[in-house]
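Engineer: For reference, this is entry.txt, and it has compact mmCIF, C-alpha atoms.
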```txt
# COMPACT_ATOMS: atom_id res chain seq x y z
CA MET V 36 -12.44 -3.32 -1.30
CA ALA V 37 -9.59 -0.86 -1.83
CA GLU V 38 -5.97 -1.96 -2.02
CA ILE V 39 -3.43 0.61 -0.87
CA LEU V 40 0.26 0.19 -1.64
CA VAL V 41 2.41 1.56 1.19
CA GLN V 42 6.01 2.22 0.14
CA SER V 43 8.14 2.82 3.21
CA PRO V 44 11.20 5.10 2.98
CA PHE V 45 12.84 2.89 5.64
CA SER V 46 12.53 -0.73 6.71
CA PRO V 47 11.72 -2.55 8.80
CA ALA V 48 8.80 -0.38 9.91
CA GLU V 49 5.80 -0.63 12.23
CA GLY V 50 2.62 0.81 10.74
CA LEU V 51 -0.77 1.97 11.89
CA LEU V 52 -3.71 2.22 9.48
CA THR V 53 -6.46 4.57 10.66
CA VAL V 54 -9.78 4.62 8.79
CA SER V 55 -12.18 7.40 9.76
CA ARG V 56 -15.39 9.11 8.73
CA ASN V 57 -16.85 11.58 11.23
CA GLY V 58 -14.80 9.75 13.88
CA PHE V 59 -12.82 6.54 13.90
CA VAL V 60 -14.15 3.60 11.93
CA TYR V 61 -11.23 1.31 12.87
CA THR V 62 -7.46 1.05 13.24
CA GLU V 63 -5.14 -1.78 12.25
CA ARG V 64 -1.48 -2.40 13.07
CA PHE V 65 0.89 -3.90 10.49
CA GLU V 66 4.59 -4.51 9.88
CA ILE V 67 6.73 -3.86 6.81
CA GLU V 68 9.76 -6.13 6.67
CA GLU V 69 11.19 -4.78 3.40
CA GLY V 70 10.17 -1.95 1.09
CA SER V 71 6.39 -2.09 0.68
CA PHE V 72 3.15 -3.56 1.94
CA THR V 73 -0.36 -3.75 0.46
CA LEU V 74 -3.26 -2.90 2.77
CA LYS V 75 -6.77 -4.13 2.01
CA VAL V 76 -9.46 -1.69 3.17
CA PRO V 77 -13.10 -2.80 2.92
CA ILE V 78 -15.37 0.02 1.76
CA GLU V 79 -19.00 -0.28 2.78
CA GLU V 80 -21.96 1.84 1.74
CA GLN V 81 -22.10 3.65 5.09
CA HIS V 82 -18.45 4.76 4.59
CA ILE V 83 -19.27 6.84 1.51
CA PRO V 84 -18.70 9.76 1.07
CA ASN V 85 -15.73 11.22 2.96
CA LEU V 86 -13.84 8.10 4.01
CA ASN V 87 -10.37 9.09 5.26
CA VAL V 88 -7.43 6.68 5.32
CA GLN V 89 -4.20 7.54 7.13
CA VAL V 90 -1.03 5.48 7.43
CA ASP V 91 1.68 6.24 10.01
CA LEU V 92 5.03 4.44 10.02
CA VAL V 93 7.79 4.37 12.64
CA GLY V 94 11.19 2.73 12.53
CA SER V 95 14.82 3.71 12.18
CA ALA V 96 17.19 4.73 9.42
CA PRO V 97 20.98 4.99 9.17
CA ARG V 98 22.61 8.28 10.12
CA VAL V 99 24.35 9.96 7.19
CA ASP V 100 26.92 12.71 6.72
CA ASP V 101 26.44 15.94 4.73
CA GLN V 102 27.12 14.06 1.47
CA GLY V 103 24.49 11.39 2.24
CA GLU V 104 27.01 8.66 3.05
CA PRO V 105 26.23 6.36 6.02
CA LEU V 106 28.24 7.11 9.17
CA SER V 107 30.00 3.96 10.34
CA GLY V 108 29.58 3.15 14.00
CA ALA V 109 26.78 5.69 14.52
CA PRO V 110 23.48 4.41 15.92
CA ASP V 111 20.42 4.53 13.69
CA ARG V 112 18.20 7.61 13.94
CA PRO V 113 14.45 7.47 14.65
CA ALA V 114 12.33 7.62 11.48
CA TYR V 115 8.67 8.57 10.94
CA ALA V 116 6.51 8.79 7.81
CA SER V 117 2.84 9.52 7.26
CA GLY V 118 0.39 9.55 4.35
CA THR V 119 -3.30 10.32 3.96
CA LEU V 120 -5.97 9.49 1.36
CA ILE V 121 -9.26 11.33 1.40
```
What's the C-alpha cells form of this structure?
Structural biologist:
Amino acid sequence: MAEILVQSPFSPAEGLLTVSRNGFVYTERFEIEEGSFTLKVPIEEQHIPNLNVQVDLVGSAPRVDDQGEPLSGAPDRPAYASGTLI
C-alpha cells in the first residue's frame, strides 16, 4: 500500500485520483477541506512495473492584485492543480 500526501494550493478542493497501467486501473473521487489529504493506493503484483498515479484538483482561489494582495469584493477565480507519480 502506498500513501500519497496531496498538498493543495487552494482549499476547499475536489480531487480525482486516477491510477493507470496500460489503461485505467481505477479512479477515485475525494475532497480536501483544508490544506492536505493522504490517499491510500493499494499496489498489487499485477500493477508492477509502470503504475501511474495522477491527481487532479479543482476549486477556487481569491483574486489578487499585482502585489499579491486579495481584491475585496471580487469573486473567487477558478483554480486547477495536477500532479503525477510514475
Engineer: Which residues are near Pro113 of chain V? Cut-off 12 Å, all atoms listed in the file, ignore same chain within fewer than 5 positions. Put them as a ChimeraX atom specification.
Structural biologist: /V:45-48,92-98
Engineer: Need the shell around Leu120 of chain V: protein/DNA/RNA residues with any atom at most 10 Å away, counting all atoms listed in the file. Skip same-chain ones fewer than 2 positions apart. Format as a short mmCIF file (atom, residue, chain, number, x, y, z; two decimals) with C-alpha atoms, in the frame of the given file?
Structural biologist:
```cif
data_model
loop_
_atom_site.label_atom_id
_atom_site.label_comp_id
_atom_site.auth_asym_id
_atom_site.auth_seq_id
_atom_site.Cartn_x
_atom_site.Cartn_y
_atom_site.Cartn_z
CA ILE V 39 -3.43 0.61 -0.87
CA VAL V 54 -9.78 4.62 8.79
CA LEU V 86 -13.84 8.10 4.01
CA ASN V 87 -10.37 9.09 5.26
CA VAL V 88 -7.43 6.68 5.32
CA GLN V 89 -4.20 7.54 7.13
CA VAL V 90 -1.03 5.48 7.43
CA GLY V 118 0.39 9.55 4.35
#
```
Engineer: Quick one: pull the distance between atom CA of Thr119 of chain V and atom CA of Thr53 of chain V, Å, one decimal.
Structural biologist: 9.4 Å
Engineer: Taking all atoms of segment 70-76 of chain V that the file lists and extending 6 Å past them on each side, where is the centre of the axis-aligned box and how long are its edges? Answer in Å to one decimal, as JSON.
Structural biologist:
```
{"center_x": 0.4, "center_y": -2.9, "center_z": 1.8, "size_x": 31.6, "size_y": 14.4, "size_z": 14.7}
```
Engineer: Show which residues sit within 8 Å of segment 75-78 of chain V, as a list in words. Count all atoms listed in the file, and ignore same-chain residues fewer than 4 positions away.
Structural biologist: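 Answer for this query is Met36, Ala37, Glu38, Ile39, His82 and Ile83 of chain V.
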Engineer: Store the residues of this selection in a file with C-alpha atoms, as a compact mmCIF listing (two decimals), in the frame of the given file.
Structural biologist:
```
# COMPACT_ATOMS: atom_id res chain seq x y z
CA MET V 36 -12.44 -3.32 -1.30
CA ALA V 37 -9.59 -0.86 -1.83
CA GLU V 38 -5.97 -1.96 -2.02
CA ILE V 39 -3.43 0.61 -0.87
CA HIS V 82 -18.45 4.76 4.59
CA ILE V 83 -19.27 6.84 1.51
```
Engineer: My list of candidates is V:Asp111, V:Asp91, V:Asn85, V:Pro44. Which is closest to Glu63 of chain V when distances are computed with all atoms listed in the file?
Structural biologist: V:Asp91
Engineer: May I have the residues within 9 Å of Val41 of chain V as a list in words, using only C-alpha atoms and disregarding those fewer than 4 positions away in the same chain?
Structural biologist: Ile67, Gly70, Ser71, Phe72, Thr73, Leu74, Val90 and Gly118 of chain V
Engineer: By how many Å are atom CA of Phe59 of chain V and atom CA of Ala114 of chain V apart?
Structural biologist: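 So the two atoms, atom CA of Phe59 of chain V and atom CA of Ala114 of chain V, lie 25.3 Å apart.
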Engineer: Tell me, as a ChimeraX atom specification, which residues lie within 8 Å of Arg64 of chain V, counting all atoms listed in the file; anything in the same chain fewer than 3 positions away does not count.
Structural biologist: /V:49-52
Engineer: Could you jot down the atom CA of Glu68 of chain V to atom CA of Gln42 of chain V separation for me, Å, one decimal place?
Structural biologist: 11.2 Å
Engineer: Mind rebuilding segment 106-117 of chain V with all heavy atoms and writing that out as a JSON list (two decimals), keeping the file's coordinate frame?
Structural biologist:
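Dumped to selection15.json:
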```
[["chain", "number", "residue", "atom", "x", "y", "z"],
["V", 106, "LEU", "N", 27.18, 6.94, 8.18],
["V", 106, "LEU", "CA", 28.24, 7.11, 9.17],
["V", 106, "LEU", "C", 28.48, 5.77, 9.85],
["V", 106, "LEU", "O", 27.58, 5.21, 10.47],
["V", 106, "LEU", "CB", 27.84, 8.15, 10.22],
["V", 106, "LEU", "CG", 27.69, 9.58, 9.72],
["V", 106, "LEU", "CD1", 27.07, 10.46, 10.80],
["V", 106, "LEU", "CD2", 29.04, 10.13, 9.30],
["V", 107, "SER", "N", 29.70, 5.25, 9.73],
["V", 107, "SER", "CA", 30.00, 3.96, 10.34],
["V", 107, "SER", "C", 30.10, 4.11, 11.85],
["V", 107, "SER", "O", 30.64, 5.08, 12.36],
["V", 107, "SER", "CB", 31.30, 3.38, 9.77],
["V", 107, "SER", "OG", 32.38, 4.23, 10.09],
["V", 108, "GLY", "N", 29.53, 3.15, 12.55],
["V", 108, "GLY", "CA", 29.58, 3.15, 14.00],
["V", 108, "GLY", "C", 28.55, 4.03, 14.68],
["V", 108, "GLY", "O", 28.40, 4.00, 15.89],
["V", 109, "ALA", "N", 27.81, 4.83, 13.93],
["V", 109, "ALA", "CA", 26.78, 5.69, 14.52],
["V", 109, "ALA", "C", 25.48, 4.92, 14.66],
["V", 109, "ALA", "O", 25.11, 4.14, 13.78],
["V", 109, "ALA", "CB", 26.56, 6.92, 13.65],
["V", 110, "PRO", "N", 24.76, 5.11, 15.77],
["V", 110, "PRO", "CA", 23.48, 4.41, 15.92],
["V", 110, "PRO", "C", 22.45, 4.94, 14.92],
["V", 110, "PRO", "O", 22.54, 6.08, 14.47],
["V", 110, "PRO", "CB", 23.06, 4.74, 17.36],
["V", 110, "PRO", "CG", 23.77, 6.01, 17.68],
["V", 110, "PRO", "CD", 25.06, 5.98, 16.89],
["V", 111, "ASP", "N", 21.49, 4.09, 14.59],
["V", 111, "ASP", "CA", 20.42, 4.53, 13.69],
["V", 111, "ASP", "C", 19.63, 5.68, 14.32],
["V", 111, "ASP", "O", 19.57, 5.81, 15.54],
["V", 111, "ASP", "CB", 19.47, 3.37, 13.39],
["V", 111, "ASP", "CG", 20.07, 2.36, 12.43],
["V", 111, "ASP", "OD1", 21.12, 2.65, 11.84],
["V", 111, "ASP", "OD2", 19.46, 1.28, 12.27],
["V", 112, "ARG", "N", 19.02, 6.50, 13.47],
["V", 112, "ARG", "CA", 18.20, 7.61, 13.94],
["V", 112, "ARG", "C", 16.73, 7.20, 13.88],
["V", 112, "ARG", "O", 16.34, 6.35, 13.06],
["V", 112, "ARG", "CB", 18.43, 8.85, 13.09],
["V", 112, "ARG", "CG", 18.02, 8.66, 11.64],
["V", 112, "ARG", "CD", 18.21, 9.93, 10.83],
["V", 112, "ARG", "NE", 17.96, 9.69, 9.42],
["V", 112, "ARG", "CZ", 16.76, 9.63, 8.86],
["V", 112, "ARG", "NH1", 15.68, 9.80, 9.60],
["V", 112, "ARG", "NH2", 16.62, 9.39, 7.57],
["V", 113, "PRO", "N", 15.88, 7.75, 14.74],
["V", 113, "PRO", "CA", 14.45, 7.47, 14.65],
["V", 113, "PRO", "C", 13.89, 7.96, 13.32],
["V", 113, "PRO", "O", 14.34, 8.98, 12.79],
["V", 113, "PRO", "CB", 13.85, 8.26, 15.81],
["V", 113, "PRO", "CG", 14.99, 8.58, 16.71],
["V", 113, "PRO", "CD", 16.21, 8.63, 15.85],
["V", 114, "ALA", "N", 12.93, 7.24, 12.76],
["V", 114, "ALA", "CA", 12.33, 7.62, 11.48],
["V", 114, "ALA", "C", 10.81, 7.55, 11.60],
["V", 114, "ALA", "O", 10.27, 6.68, 12.28],
["V", 114, "ALA", "CB", 12.82, 6.70, 10.38],
["V", 115, "TYR", "N", 10.13, 8.49, 10.92],
["V", 115, "TYR", "CA", 8.67, 8.57, 10.94],
["V", 115, "TYR", "C", 8.20, 9.00, 9.55],
["V", 115, "TYR", "O", 8.81, 9.85, 8.92],
["V", 115, "TYR", "CB", 8.19, 9.59, 11.98],
["V", 115, "TYR", "CG", 6.72, 9.86, 11.95],
["V", 115, "TYR", "CD1", 5.83, 8.98, 12.54],
["V", 115, "TYR", "CD2", 6.21, 10.98, 11.32],
["V", 115, "TYR", "CE1", 4.47, 9.20, 12.50],
["V", 115, "TYR", "CE2", 4.84, 11.22, 11.28],
["V", 115, "TYR", "CZ", 3.98, 10.33, 11.87],
["V", 115, "TYR", "OH", 2.63, 10.56, 11.82],
["V", 116, "ALA", "N", 7.11, 8.40, 9.10],
["V", 116, "ALA", "CA", 6.51, 8.79, 7.81],
["V", 116, "ALA", "C", 4.99, 8.68, 7.94],
["V", 116, "ALA", "O", 4.49, 7.86, 8.72],
["V", 116, "ALA", "CB", 7.01, 7.90, 6.69],
["V", 117, "SER", "N", 4.28, 9.51, 7.20],
["V", 117, "SER", "CA", 2.84, 9.52, 7.26],
["V", 117, "SER", "C", 2.25, 9.82, 5.89],
["V", 117, "SER", "O", 2.85, 10.56, 5.11],
["V", 117, "SER", "CB", 2.38, 10.58, 8.28],
["V", 117, "SER", "OG", 0.97, 10.61, 8.37]]
```
